[in-house]
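Source file: work06.csv (CSV, C-alpha atoms (C1' of nucleotides))
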```csv
chain,number,residue,atom,x,y,z
V,1067,MET,CA,32.0,17.9,3.2
V,1068,ASP,CA,35.7,18.0,3.7
V,1069,LYS,CA,37.6,14.9,4.9
V,1070,LEU,CA,35.1,12.2,5.2
V,1071,PRO,CA,36.4,8.8,3.9
V,1072,LYS,CA,35.2,8.1,0.4
V,1073,ILE,CA,33.3,5.0,-0.4
V,1074,ILE,CA,31.6,3.6,-3.4
V,1075,VAL,CA,28.1,2.2,-3.1
V,1076,ILE,CA,26.8,-0.2,-5.7
V,1077,LEU,CA,23.2,-0.8,-5.2
V,1078,GLY,CA,20.3,-2.2,-7.2
V,1079,VAL,CA,17.4,-4.5,-7.2
V,1080,THR,CA,17.7,-8.2,-6.7
V,1081,ALA,CA,19.4,-9.9,-9.8
V,1082,SER,CA,20.4,-6.6,-11.3
V,1083,GLY,CA,24.0,-7.7,-11.6
V,1084,LYS,CA,25.6,-6.0,-8.6
V,1085,THR,CA,28.1,-8.8,-7.9
V,1086,ALA,CA,29.6,-8.9,-11.3
V,1087,LEU,CA,29.8,-5.1,-11.7
V,1088,SER,CA,31.3,-4.6,-8.2
V,1089,LEU,CA,34.0,-7.1,-8.8
V,1090,LYS,CA,35.1,-5.4,-12.0
V,1091,LEU,CA,35.0,-2.0,-10.5
V,1092,ALA,CA,36.7,-2.9,-7.2
V,1093,LYS,CA,39.6,-4.5,-9.1
V,1094,LYS,CA,40.0,-1.4,-11.2
V,1095,PHE,CA,40.0,1.0,-8.3
V,1096,LYS,CA,42.0,-1.0,-5.6
V,1097,GLY,CA,38.9,-1.8,-3.7
V,1098,GLU,CA,37.5,-4.5,-1.5
V,1099,ILE,CA,34.0,-5.4,-1.0
V,1100,ILE,CA,31.7,-5.0,2.0
V,1101,SER,CA,28.3,-6.5,1.5
V,1102,ALA,CA,25.0,-4.9,2.4
V,1103,ASP,CA,22.9,-8.0,2.0
V,1104,SER,CA,20.8,-9.2,4.9
V,1105,ARG,CA,20.9,-12.8,3.6
V,1106,GLN,CA,24.3,-13.4,2.1
V,1107,ILE,CA,25.7,-12.6,5.5
V,1108,TYR,CA,24.5,-16.0,6.8
V,1109,LYS,CA,26.7,-19.1,6.6
V,1110,GLU,CA,25.3,-22.2,4.8
V,1111,PHE,CA,22.8,-20.2,2.8
V,1112,ASN,CA,24.8,-20.1,-0.4
V,1113,ILE,CA,23.0,-20.9,-3.7
V,1114,GLY,CA,19.6,-19.4,-2.8
V,1115,THR,CA,21.1,-16.1,-1.6
V,1116,ALA,CA,23.1,-15.8,-4.8
V,1117,LYS,CA,26.2,-15.5,-2.6
V,1118,PRO,CA,29.3,-14.9,-4.7
V,1119,THR,CA,31.2,-18.2,-4.9
V,1120,GLY,CA,34.3,-18.0,-2.8
V,1121,HIS,CA,36.1,-19.6,0.0
V,1122,TRP,CA,37.8,-18.7,3.3
V,1123,LEU,CA,41.5,-18.1,3.1
V,1124,ILE,CA,44.1,-16.7,5.4
V,1125,ALA,CA,45.3,-13.4,3.9
V,1126,GLU,CA,47.3,-10.7,5.6
V,1127,GLY,CA,47.1,-12.8,8.7
V,1128,GLU,CA,43.3,-12.7,8.7
V,1129,ARG,CA,40.7,-15.2,7.6
V,1130,LYS,CA,38.9,-13.7,4.7
V,1131,PHE,CA,36.1,-14.7,2.4
V,1132,ILE,CA,37.6,-14.4,-1.1
V,1133,ALA,CA,35.4,-14.4,-4.1
V,1134,GLY,CA,36.4,-13.5,-7.6
V,1135,GLY,CA,39.8,-12.8,-6.3
V,1136,LEU,CA,38.7,-10.1,-3.8
V,1137,PRO,CA,37.9,-10.1,-0.1
V,1138,HIS,CA,34.2,-9.8,0.7
V,1139,TYR,CA,33.3,-8.7,4.2
V,1140,LEU,CA,30.1,-9.4,5.9
V,1141,VAL,CA,29.4,-12.4,3.7
V,1142,ASP,CA,29.1,-15.9,5.0
V,1143,THR,CA,29.9,-14.8,8.5
V,1144,VAL,CA,26.8,-15.2,10.7
V,1145,ASP,CA,25.6,-18.4,12.2
V,1146,PRO,CA,22.1,-19.0,10.9
V,1147,LYS,CA,20.7,-19.6,14.4
V,1148,GLU,CA,22.1,-16.3,15.6
V,1149,ASP,CA,19.8,-13.3,15.6
V,1150,PHE,CA,21.4,-10.7,13.4
V,1151,ASN,CA,19.9,-7.3,12.9
V,1152,LEU,CA,20.2,-3.7,11.8
V,1153,ALA,CA,22.2,-2.5,14.7
V,1154,ASN,CA,24.8,-5.3,14.4
V,1155,TYR,CA,25.1,-4.6,10.7
V,1156,LYS,CA,25.6,-0.9,11.1
V,1157,LYS,CA,28.4,-1.4,13.6
V,1158,LEU,CA,30.2,-4.1,11.8
V,1159,ALA,CA,30.0,-2.4,8.4
V,1160,ALA,CA,31.2,0.9,9.8
V,1161,GLU,CA,34.1,-0.7,11.4
V,1162,LYS,CA,35.1,-2.5,8.3
V,1163,ILE,CA,34.9,0.5,6.1
V,1164,ASN,CA,37.2,2.4,8.4
V,1165,GLU,CA,39.6,-0.5,8.5
V,1166,LEU,CA,39.8,-0.6,4.8
V,1167,GLY,CA,40.3,3.1,4.6
V,1168,GLN,CA,43.2,2.9,6.9
V,1169,LYS,CA,44.8,0.2,4.7
V,1170,GLY,CA,44.4,2.4,1.7
V,1171,LYS,CA,41.7,0.3,0.1
V,1172,LEU,CA,38.7,1.9,-1.5
V,1173,PRO,CA,35.6,0.4,0.2
V,1174,PHE,CA,32.9,-0.8,-2.1
V,1175,LEU,CA,29.6,-1.2,-0.3
V,1176,VAL,CA,27.5,-3.6,-2.3
V,1177,GLY,CA,24.0,-4.8,-1.8
V,1178,GLY,CA,20.3,-4.5,-2.1
V,1179,THR,CA,19.2,-4.3,1.5
V,1180,ALA,CA,18.1,-0.8,1.4
V,1181,LEU,CA,17.5,-0.4,5.1
V,1182,TYR,CA,21.0,-1.5,5.8
V,1183,LEU,CA,22.5,0.9,3.3
V,1184,LYS,CA,20.4,3.8,4.5
V,1185,THR,CA,21.2,3.2,8.2
V,1186,LEU,CA,24.8,3.2,7.5
V,1187,LEU,CA,25.0,6.0,5.0
V,1188,GLU,CA,22.7,8.3,6.8
V,1189,ASN,CA,24.2,7.3,10.1
V,1190,TRP,CA,20.9,6.6,11.9
V,1191,THR,CA,20.9,6.4,15.6
V,1192,ILE,CA,19.0,3.2,16.3
V,1193,PRO,CA,17.4,3.1,19.7
V,1194,ALA,CA,19.7,1.1,21.9
V,1195,VAL,CA,17.1,-1.4,22.9
V,1196,GLU,CA,18.0,-5.0,22.2
V,1197,PRO,CA,15.2,-7.4,21.2
V,1198,ASN,CA,13.5,-8.7,24.3
V,1199,LEU,CA,12.2,-12.0,23.1
V,1200,ALA,CA,10.1,-12.7,26.2
V,1201,LEU,CA,8.3,-9.4,25.8
V,1202,ARG,CA,7.8,-9.9,22.1
V,1203,ARG,CA,6.3,-13.3,22.7
V,1204,ARG,CA,4.0,-12.0,25.3
V,1205,LEU,CA,2.8,-9.1,23.1
V,1206,GLU,CA,2.5,-11.4,20.1
V,1207,ASN,CA,-0.4,-13.1,21.8
V,1208,LYS,CA,-2.4,-9.9,22.2
V,1209,ASN,CA,-4.4,-8.7,19.3
V,1210,VAL,CA,-3.4,-5.7,17.2
V,1211,SER,CA,-6.0,-3.3,18.3
V,1212,ASP,CA,-5.1,-3.7,21.9
V,1213,LEU,CA,-1.5,-3.2,21.1
V,1214,LEU,CA,-2.4,-0.2,19.0
V,1215,ASP,CA,-4.3,1.3,21.9
V,1216,GLU,CA,-1.4,0.7,24.2
V,1217,LEU,CA,0.9,2.5,21.7
V,1218,LYS,CA,-1.5,5.4,21.3
V,1219,LYS,CA,-1.6,5.9,25.0
V,1220,ASN,CA,2.2,6.0,25.3
V,1221,ASP,CA,3.2,7.6,22.1
V,1222,PRO,CA,0.4,8.8,19.8
V,1223,GLU,CA,2.8,10.0,17.1
V,1224,ALA,CA,4.3,6.6,16.8
V,1225,VAL,CA,1.2,5.3,15.1
V,1226,ALA,CA,2.1,7.3,12.0
V,1227,ILE,CA,5.3,5.4,11.9
V,1228,THR,CA,4.2,1.9,12.6
V,1229,GLY,CA,0.9,1.9,10.9
V,1230,TYR,CA,-2.3,0.6,12.3
V,1231,SER,CA,-2.0,-3.1,11.5
V,1232,ASN,CA,1.7,-3.8,11.4
V,1233,LYS,CA,1.9,-5.9,14.6
V,1234,ARG,CA,5.6,-6.5,14.3
V,1235,ARG,CA,6.4,-2.8,14.1
V,1236,ILE,CA,4.0,-1.9,16.9
V,1237,ILE,CA,5.6,-4.4,19.2
V,1238,ARG,CA,9.0,-3.0,18.5
V,1239,ALA,CA,7.8,0.5,19.2
V,1240,LEU,CA,6.4,-0.7,22.5
V,1241,GLU,CA,9.6,-2.6,23.3
V,1242,VAL,CA,11.6,0.6,22.9
V,1243,ILE,CA,9.1,2.7,24.9
V,1244,TYR,CA,9.0,0.2,27.8
V,1245,GLN,CA,12.8,-0.1,27.9
V,1246,THR,CA,13.8,3.5,27.6
V,1247,GLY,CA,10.8,5.2,29.1
V,1248,ARG,CA,10.7,7.5,26.2
V,1249,LYS,CA,8.7,7.9,23.1
V,1250,PHE,CA,9.6,5.7,20.1
V,1251,SER,CA,8.7,8.5,17.8
V,1252,GLU,CA,11.3,10.8,19.4
V,1253,GLN,CA,14.1,8.3,18.9
V,1254,ARG,CA,14.4,8.2,15.2
V,1255,LYS,CA,17.5,10.3,14.7
V,1256,SER,CA,20.4,10.4,12.4
V,1257,GLY,CA,23.8,11.9,13.0
V,1258,ARG,CA,26.3,13.5,10.7
V,1259,PRO,CA,27.3,11.3,7.8
V,1260,LEU,CA,30.2,9.1,8.5
V,1261,PHE,CA,31.3,8.7,4.9
V,1262,ASN,CA,31.4,10.5,1.6
V,1263,ALA,CA,29.6,8.1,-0.5
V,1264,LEU,CA,29.1,7.8,-4.3
V,1265,LYS,CA,26.0,5.9,-4.8
V,1266,ILE,CA,25.7,4.0,-8.1
V,1267,GLY,CA,22.5,2.3,-8.9
V,1268,LEU,CA,22.2,-0.4,-11.6
V,1269,LYS,CA,19.3,0.5,-13.8
V,1270,ILE,CA,17.3,-2.3,-15.3
V,1271,THR,CA,14.1,-2.4,-17.3
V,1272,PRO,CA,11.2,-4.5,-16.1
V,1273,PRO,CA,11.4,-7.1,-18.9
V,1274,GLU,CA,15.2,-7.4,-18.4
V,1275,LEU,CA,14.6,-7.9,-14.7
V,1276,THR,CA,12.0,-10.6,-15.3
V,1277,GLN,CA,14.4,-12.4,-17.6
V,1278,ARG,CA,17.3,-12.2,-15.3
V,1279,ILE,CA,15.4,-13.4,-12.3
V,1280,THR,CA,14.0,-16.4,-14.3
V,1281,ARG,CA,17.3,-17.3,-15.6
V,1282,ARG,CA,19.0,-17.0,-12.3
V,1283,THR,CA,16.4,-19.3,-10.6
V,1284,ASP,CA,16.9,-21.9,-13.3
V,1285,GLU,CA,20.6,-21.6,-12.8
V,1286,MET,CA,20.2,-22.0,-9.0
V,1287,ILE,CA,18.2,-25.1,-9.5
V,1288,LYS,CA,20.9,-26.5,-11.8
V,1289,ASN,CA,23.5,-25.7,-9.2
V,1290,GLY,CA,21.8,-27.8,-6.5
V,1291,LEU,CA,19.4,-25.4,-4.8
V,1292,VAL,CA,17.0,-28.1,-4.0
V,1293,LYS,CA,19.6,-30.1,-2.2
V,1294,GLU,CA,20.8,-27.1,-0.3
V,1295,VAL,CA,17.3,-26.3,0.9
V,1296,GLN,CA,16.6,-29.9,1.8
V,1297,GLU,CA,19.7,-30.1,4.0
V,1298,LEU,CA,19.0,-26.8,5.7
V,1299,ALA,CA,15.4,-27.8,6.3
V,1300,LYS,CA,16.6,-30.9,8.1
V,1301,LYS,CA,18.7,-28.7,10.4
V,1302,TYR,CA,16.7,-25.6,10.9
V,1303,SER,CA,13.1,-24.6,11.4
V,1304,TRP,CA,11.2,-22.8,8.7
V,1305,ASP,CA,10.8,-19.9,11.2
V,1306,LEU,CA,14.4,-19.2,11.2
V,1307,VAL,CA,15.1,-15.8,9.7
V,1308,PRO,CA,17.3,-16.9,6.8
V,1309,MET,CA,14.9,-19.8,6.1
V,1310,GLN,CA,12.3,-17.2,5.4
V,1311,SER,CA,14.3,-15.9,2.5
V,1312,ILE,CA,13.1,-16.1,-1.0
V,1313,ASP,CA,14.4,-19.2,-2.7
V,1314,TYR,CA,14.1,-21.1,0.6
V,1315,GLN,CA,10.6,-20.5,2.0
V,1316,GLU,CA,9.0,-21.5,-1.2
V,1317,PHE,CA,10.3,-25.0,-0.8
V,1318,LYS,CA,8.4,-25.8,2.3
V,1319,ASP,CA,5.4,-27.1,0.3
V,1320,TYR,CA,7.6,-28.7,-2.2
V,1321,LEU,CA,9.5,-30.8,0.3
V,1322,THR,CA,6.3,-32.1,1.8
V,1323,GLY,CA,5.0,-32.9,-1.7
V,1324,LYS,CA,2.3,-30.3,-1.8
V,1325,LYS,CA,3.7,-28.4,-4.7
V,1326,SER,CA,5.6,-29.3,-7.8
V,1327,LEU,CA,9.0,-28.0,-8.6
V,1328,SER,CA,7.8,-26.0,-11.5
V,1329,GLU,CA,5.1,-24.3,-9.3
V,1330,THR,CA,7.8,-23.7,-6.7
V,1331,VAL,CA,10.0,-22.0,-9.3
V,1332,LYS,CA,7.2,-19.9,-10.5
V,1333,GLU,CA,6.4,-18.8,-7.0
V,1334,ILE,CA,10.1,-17.9,-6.4
V,1335,ASN,CA,10.2,-15.8,-9.5
V,1336,ARG,CA,7.0,-14.0,-8.5
V,1337,HIS,CA,8.4,-13.3,-5.0
V,1338,HIS,CA,11.6,-11.9,-6.4
V,1339,LEU,CA,9.8,-9.6,-8.7
V,1340,ALA,CA,7.7,-8.3,-5.8
V,1341,TYR,CA,10.7,-8.0,-3.7
V,1342,ALA,CA,12.4,-5.9,-6.4
V,1343,LYS,CA,9.4,-3.6,-6.3
V,1344,ARG,CA,9.7,-3.1,-2.6
V,1345,GLN,CA,13.4,-2.4,-3.0
V,1346,MET,CA,12.6,0.3,-5.6
V,1347,THR,CA,10.3,2.0,-3.2
V,1348,TRP,CA,13.3,2.8,-1.1
V,1349,PHE,CA,15.7,3.6,-3.9
V,1350,LYS,CA,13.2,5.9,-5.7
V,1351,LYS,CA,13.1,8.2,-2.7
V,1352,ASP,CA,16.9,8.7,-2.8
V,1353,LYS,CA,17.6,11.4,-5.4
V,1354,THR,CA,21.4,11.2,-4.8
V,1355,ILE,CA,21.7,7.8,-6.5
V,1356,HIS,CA,23.4,7.9,-9.9
V,1357,TRP,CA,21.6,5.4,-12.0
V,1358,ILE,CA,23.8,3.8,-14.7
V,1359,THR,CA,23.4,1.1,-17.3
V,1360,SER,CA,27.0,0.2,-18.2
V,1361,GLU,CA,30.3,-0.5,-16.5
V,1362,LYS,CA,31.9,2.3,-18.4
V,1363,GLU,CA,29.4,4.8,-17.0
V,1364,ALA,CA,30.1,3.7,-13.5
V,1365,GLU,CA,33.8,3.9,-14.1
V,1366,GLU,CA,33.6,7.5,-15.2
V,1367,LYS,CA,31.4,8.4,-12.2
V,1368,ILE,CA,33.9,6.9,-9.9
V,1369,LYS,CA,36.9,8.6,-11.5
V,1370,SER,CA,35.5,12.0,-11.2
V,1371,PHE,CA,34.3,11.3,-7.7
V,1372,LEU,CA,37.8,10.3,-6.6
V,1373,ALA,CA,39.3,13.3,-8.3
V,1374,GLN,CA,37.2,15.7,-6.3
O,506,G,C1',-25.7,-39.2,-30.5
O,507,C,C1',-27.6,-39.6,-25.3
O,508,G,C1',-26.8,-38.4,-20.0
O,509,G,C1',-24.2,-35.5,-16.2
O,510,C,C1',-21.4,-31.2,-14.9
O,511,G,C1',-19.6,-26.5,-16.2
O,512,G,C1',-18.7,-21.6,-18.9
O,513,U,C1',-17.9,-15.1,-13.8
O,514,G,C1',-13.4,-9.5,-14.1
O,515,G,C1',-5.5,-10.4,-15.9
O,516,U,C1',-5.6,-15.7,-13.6
O,517,A,C1',-7.7,-19.1,-10.0
O,518,G,C1',-12.2,-19.3,-7.8
O,519,A,C1',-16.9,-17.5,-4.6
O,520,G,C1',-21.7,-15.9,-5.5
O,521,U,C1',-27.9,-19.2,-7.5
O,522,G,C1',-33.7,-13.3,-7.8
O,523,G,C1',-32.8,-7.3,-5.2
O,524,U,C1',-28.2,-4.1,-0.4
O,525,C,C1',-23.5,-7.1,-6.9
O,526,A,C1',-19.1,-3.5,-10.5
O,527,A,C1',-19.7,-8.7,-8.1
O,528,U,C1',-16.3,-12.4,-1.4
O,529,U,C1',-11.4,-14.1,-1.6
O,530,A,C1',-6.5,-15.4,-3.3
O,531,C,C1',-2.7,-14.5,-6.8
O,532,A,C1',-0.9,-11.1,-10.3
O,533,U,C1',-0.5,-5.7,-11.3
O,534,C,C1',0.2,-0.4,-9.6
O,535,A,C1',1.3,2.9,-5.7
O,536,G,C1',3.1,3.4,-0.8
O,537,A,C1',4.9,2.8,4.7
O,538,C,C1',8.5,1.0,7.7
O,539,U,C1',15.3,3.4,12.8
O,540,G,C1',17.3,-3.6,16.3
O,541,U,C1',13.2,-10.0,12.2
O,542,A,C1',13.8,-5.9,6.5
O,543,A,C1',14.6,-11.4,0.9
O,544,A,C1',10.7,-9.6,7.0
O,545,U,C1',6.2,-7.0,8.3
O,546,C,C1',2.3,-3.8,6.8
O,547,U,C1',-1.2,-0.2,3.9
O,548,G,C1',-4.1,1.7,-0.3
O,549,A,C1',-5.9,1.2,-5.4
O,550,C,C1',-7.4,-2.3,-8.8
O,551,G,C1',-14.2,-2.5,-15.4
O,552,G,C1',-14.7,2.6,-17.9
O,553,C,C1',-16.1,7.8,-17.3
O,554,C,C1',-16.6,12.2,-14.9
O,555,U,C1',-19.5,17.3,-12.3
O,556,U,C1',-16.2,11.7,-7.2
O,557,G,C1',-22.2,11.0,-6.5
O,558,C,C1',-25.0,6.0,-1.8
O,559,G,C1',-23.5,9.3,-10.0
O,560,C,C1',-23.6,7.5,-15.2
O,561,C,C1',-22.2,3.7,-18.7
O,562,U,C1',-20.5,-1.3,-20.0
O,563,A,C1',-20.1,-6.1,-17.8
O,564,C,C1',-20.8,-12.7,-15.2
O,565,G,C1',-20.2,-17.7,-23.0
O,566,C,C1',-24.1,-15.9,-27.2
O,567,A,C1',-29.4,-14.8,-28.3
O,568,G,C1',-34.1,-14.5,-26.6
O,569,G,C1',-37.7,-14.9,-22.5
O,570,U,C1',-39.9,-14.7,-17.3
O,571,U,C1',-39.9,-10.7,-13.5
O,572,C,C1',-41.0,-4.3,-10.8
O,573,G,C1',-35.9,-6.3,-10.7
O,574,A,C1',-31.4,-11.6,-13.3
O,575,A,C1',-24.6,-13.2,-12.9
O,576,A,C1',-28.5,-16.0,-10.6
O,577,C,C1',-34.8,-18.7,-13.2
O,578,C,C1',-36.7,-20.6,-18.4
O,579,U,C1',-35.7,-21.7,-23.8
O,580,G,C1',-32.4,-22.2,-27.9
O,581,C,C1',-27.4,-22.0,-29.6
O,582,C,C1',-22.0,-22.2,-29.1
O,583,C,C1',-17.8,-24.1,-26.3
O,584,G,C1',-15.2,-27.3,-22.4
O,585,C,C1',-14.8,-31.7,-19.1
O,586,C,C1',-16.7,-36.5,-17.5
O,587,G,C1',-19.8,-41.0,-18.2
O,588,C,C1',-22.6,-44.1,-21.7
O,589,A,C1',-22.7,-45.2,-26.8
```
Written as structure tokens, that's how I'd like the structure from this file.
Amino acid sequence: MDKLPKIIVILGVTASGKTALSLKLAKKFKGEIISADSRQIYKEFNIGTAKPTGHWLIAEGERKFIAGGLPHYLVDTVDPKEDFNLANYKKLAAEKINELGQKGKLPFLVGGTALYLKTLLENWTIPAVEPNLALRRRLENKNVSDLLDELKKNDPEAVAITGYSNKRRIIRALEVIYQTGRKFSEQRKSGRPLFNALKIGLKITPPELTQRITRRTDEMIKNGLVKEVQELAKKYSWDLVPMQSIDYQEFKDYLTGKKSLSETVKEINRHHLAYAKRQMTWFKKDKTIHWITSEKEAEEKIKSFLAQ
RNA sequence: GCGGCGGUGGUAGAGUGGUCAAUUACAUCAGACUGUAAAUCUGACGGCCUUGCGCCUACGCAGGUUCGAAACCUGCCCGCCGCA
């Protein structure tokens, strides 16, 4: 529709090459980068999250994370101990996009966290119920079938959303119901789109993906991943959200001597492959993604999009 | 060469007479998920189809015992360990 701000979205599975491509494209089209990555957003988690190498600089009177010569927003900004979530992300990212638009920069939204992308691009209205840790803890102690009964009583339709055994989702649904007094199933809404987005997806074949993942893990190890995890493990508990990321969680057994490094690496690669699969389940449903295989193809798509 | 142990589906590894096409995990495939999402969760997973408590092929190979074997017996092949 008419005058929505234009943005470019670069998405794709883990290790598909989003970072490199987005840097090239953003430079070509006077863009700056906003990350849509639920793990690179944390400070201190660098090597394992494949965070672009960069550093904080003062530019235009503002502290910015500069990588590859370009500002990256929503990267390296959240304290690992802080609870970060979907709603925070949506708000921050939307603000940033508008800000860039006002400065005449083309926003490049880059990342593989499909839920974050979707929430932002489809302008979901997330139920305004903040996590209630005490409640969650209490419900966590009950068994799933009791929780399920409780949910059925209050909101039968919600079961279709949460599933029958997904405790975490059932608890969230109950949390929303208790706090708002309304059904969870009635609160999944989306508003009018906020942006005019061109979605570019990096296509990659399964063998290519396997190869890239394997290579990347080796690279990470070479760059000191083990040391990074070791240090983080000293500081933080394994339950911490970013500690549960792939490339970190697998080291729990390694650091206690229960697993060898090569086994750990194999496990990491397996987990990344499985993760990529889950990402694709989201992406496959979105028929508006333009899947490309080369930078040139992407460039052309962007050109014609901007000319519209 | 003798003695012991073992050979199970893509892998690891249960199962020692029937309800076993064979627990489970991993892998694989498909999928769900609006405040943890790199999380959490679900289904399928020998083949065939007329989808049936159906048929066929399967637990190293070949025979045998039995109404009935992955399971018991015999021989053979292979692997690991111990003694030579």
Open item on the list: Residues of chain V within 9 Å of chain O, counting all atoms listed in the file - could you list those as an MDAnalysis selection string?
Closed with: chainID V and resid 1080 1104:1105 1115 1149:1154 1179:1182 1185 1190:1197 1227:1235 1238 1253:1256 1307:1308 1310:1313 1336:1338 1341 1347
Dump as a PDB file, keeping the file's coordinate frame, selection limited to C-alpha atoms:
```
ATOM      1  CA  THR V1080      17.700  -8.200  -6.700  1.00  0.00           C
ATOM      2  CA  SER V1104      20.800  -9.200   4.900  1.00  0.00           C
ATOM      3  CA  ARG V1105      20.900 -12.800   3.600  1.00  0.00           C
ATOM      4  CA  THR V1115      21.100 -16.100  -1.600  1.00  0.00           C
ATOM      5  CA  ASP V1149      19.800 -13.300  15.600  1.00  0.00           C
ATOM      6  CA  PHE V1150      21.400 -10.700  13.400  1.00  0.00           C
ATOM      7  CA  ASN V1151      19.900  -7.300  12.900  1.00  0.00           C
ATOM      8  CA  LEU V1152      20.200  -3.700  11.800  1.00  0.00           C
ATOM      9  CA  ALA V1153      22.200  -2.500  14.700  1.00  0.00           C
ATOM     10  CA  ASN V1154      24.800  -5.300  14.400  1.00  0.00           C
ATOM     11  CA  THR V1179      19.200  -4.300   1.500  1.00  0.00           C
ATOM     12  CA  ALA V1180      18.100  -0.800   1.400  1.00  0.00           C
ATOM     13  CA  LEU V1181      17.500  -0.400   5.100  1.00  0.00           C
ATOM     14  CA  TYR V1182      21.000  -1.500   5.800  1.00  0.00           C
ATOM     15  CA  THR V1185      21.200   3.200   8.200  1.00  0.00           C
ATOM     16  CA  TRP V1190      20.900   6.600  11.900  1.00  0.00           C
ATOM     17  CA  THR V1191      20.900   6.400  15.600  1.00  0.00           C
ATOM     18  CA  ILE V1192      19.000   3.200  16.300  1.00  0.00           C
ATOM     19  CA  PRO V1193      17.400   3.100  19.700  1.00  0.00           C
ATOM     20  CA  ALA V1194      19.700   1.100  21.900  1.00  0.00           C
ATOM     21  CA  VAL V1195      17.100  -1.400  22.900  1.00  0.00           C
ATOM     22  CA  GLU V1196      18.000  -5.000  22.200  1.00  0.00           C
ATOM     23  CA  PRO V1197      15.200  -7.400  21.200  1.00  0.00           C
ATOM     24  CA  ILE V1227       5.300   5.400  11.900  1.00  0.00           C
ATOM     25  CA  THR V1228       4.200   1.900  12.600  1.00  0.00           C
ATOM     26  CA  GLY V1229       0.900   1.900  10.900  1.00  0.00           C
ATOM     27  CA  TYR V1230      -2.300   0.600  12.300  1.00  0.00           C
ATOM     28  CA  SER V1231      -2.000  -3.100  11.500  1.00  0.00           C
ATOM     29  CA  ASN V1232       1.700  -3.800  11.400  1.00  0.00           C
ATOM     30  CA  LYS V1233       1.900  -5.900  14.600  1.00  0.00           C
ATOM     31  CA  ARG V1234       5.600  -6.500  14.300  1.00  0.00           C
ATOM     32  CA  ARG V1235       6.400  -2.800  14.100  1.00  0.00           C
ATOM     33  CA  ARG V1238       9.000  -3.000  18.500  1.00  0.00           C
ATOM     34  CA  GLN V1253      14.100   8.300  18.900  1.00  0.00           C
ATOM     35  CA  ARG V1254      14.400   8.200  15.200  1.00  0.00           C
ATOM     36  CA  LYS V1255      17.500  10.300  14.700  1.00  0.00           C
ATOM     37  CA  SER V1256      20.400  10.400  12.400  1.00  0.00           C
ATOM     38  CA  VAL V1307      15.100 -15.800   9.700  1.00  0.00           C
ATOM     39  CA  PRO V1308      17.300 -16.900   6.800  1.00  0.00           C
ATOM     40  CA  GLN V1310      12.300 -17.200   5.400  1.00  0.00           C
ATOM     41  CA  SER V1311      14.300 -15.900   2.500  1.00  0.00           C
ATOM     42  CA  ILE V1312      13.100 -16.100  -1.000  1.00  0.00           C
ATOM     43  CA  ASP V1313      14.400 -19.200  -2.700  1.00  0.00           C
ATOM     44  CA  ARG V1336       7.000 -14.000  -8.500  1.00  0.00           C
ATOM     45  CA  HIS V1337       8.400 -13.300  -5.000  1.00  0.00           C
ATOM     46  CA  HIS V1338      11.600 -11.900  -6.400  1.00  0.00           C
ATOM     47  CA  TYR V1341      10.700  -8.000  -3.700  1.00  0.00           C
ATOM     48  CA  THR V1347      10.300   2.000  -3.200  1.00  0.00           C
TER      49      THR V1347
END
```
Open item on the list: At a cut-off of 12 Å, using all atoms listed in the file, what residues contact G511 (chain O)? Leave out same-chain residues fewer than 5 positions from it and give the result as a ChimeraX atom specification.
Closed with: /O:565,583-586
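Contact shell of A563 (chain O) at 10 Å (all atoms listed in the file; same-chain neighbours under 6 positions omitted): O:G514, O:A526, O:G551, O:A575.
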Expected file: the selected residues, C-alpha atoms (C1' of nucleotides), as a JSON list (two decimals), in the frame of the given file:
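Now in out29.json:
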```
[["chain", "number", "residue", "atom", "x", "y", "z"],
["O", 514, "G", "C1'", -13.40, -9.50, -14.10],
["O", 526, "A", "C1'", -19.10, -3.50, -10.50],
["O", 551, "G", "C1'", -14.20, -2.50, -15.40],
["O", 575, "A", "C1'", -24.60, -13.20, -12.90]]
```
Task: Selection near U521 (chain O), 12 Å with all atoms listed in the file, sequence-local residues under 2 positions removed, as an MDAnalysis selection string - done: chainID O and resid 519 574:577
Let's have the selection written as a CSV table (one decimal), in the frame of the given file, with C-alpha atoms (C1' of nucleotides).
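What ended up in again_10.csv:
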```csv
chain,number,residue,atom,x,y,z
O,519,A,C1',-16.9,-17.5,-4.6
O,574,A,C1',-31.4,-11.6,-13.3
O,575,A,C1',-24.6,-13.2,-12.9
O,576,A,C1',-28.5,-16.0,-10.6
O,577,C,C1',-34.8,-18.7,-13.2
```
Skip Leu1298 (chain V) itself and residues of its chain fewer than 2 positions away, then list as a compact mmCIF listing (two decimals) with C-alpha atoms, keeping the file's coordinate frame all residues within 12 Å of it, counting all atoms listed in the file.
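Printed below is part-v1.txt as written:
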```
# COMPACT_ATOMS: atom_id res chain seq x y z
CA LYS V 1109 26.70 -19.10 6.60
CA GLU V 1110 25.30 -22.20 4.80
CA PHE V 1111 22.80 -20.20 2.80
CA ASN V 1112 24.80 -20.10 -0.40
CA ILE V 1113 23.00 -20.90 -3.70
CA GLY V 1114 19.60 -19.40 -2.80
CA PRO V 1146 22.10 -19.00 10.90
CA LYS V 1147 20.70 -19.60 14.40
CA LEU V 1291 19.40 -25.40 -4.80
CA VAL V 1292 17.00 -28.10 -4.00
CA LYS V 1293 19.60 -30.10 -2.20
CA GLU V 1294 20.80 -27.10 -0.30
CA VAL V 1295 17.30 -26.30 0.90
CA GLN V 1296 16.60 -29.90 1.80
CA LYS V 1300 16.60 -30.90 8.10
CA LYS V 1301 18.70 -28.70 10.40
CA TYR V 1302 16.70 -25.60 10.90
CA SER V 1303 13.10 -24.60 11.40
CA TRP V 1304 11.20 -22.80 8.70
CA LEU V 1306 14.40 -19.20 11.20
CA PRO V 1308 17.30 -16.90 6.80
CA MET V 1309 14.90 -19.80 6.10
CA GLN V 1310 12.30 -17.20 5.40
CA TYR V 1314 14.10 -21.10 0.60
CA GLN V 1315 10.60 -20.50 2.00
CA PHE V 1317 10.30 -25.00 -0.80
CA LYS V 1318 8.40 -25.80 2.30
CA LEU V 1321 9.50 -30.80 0.30
```
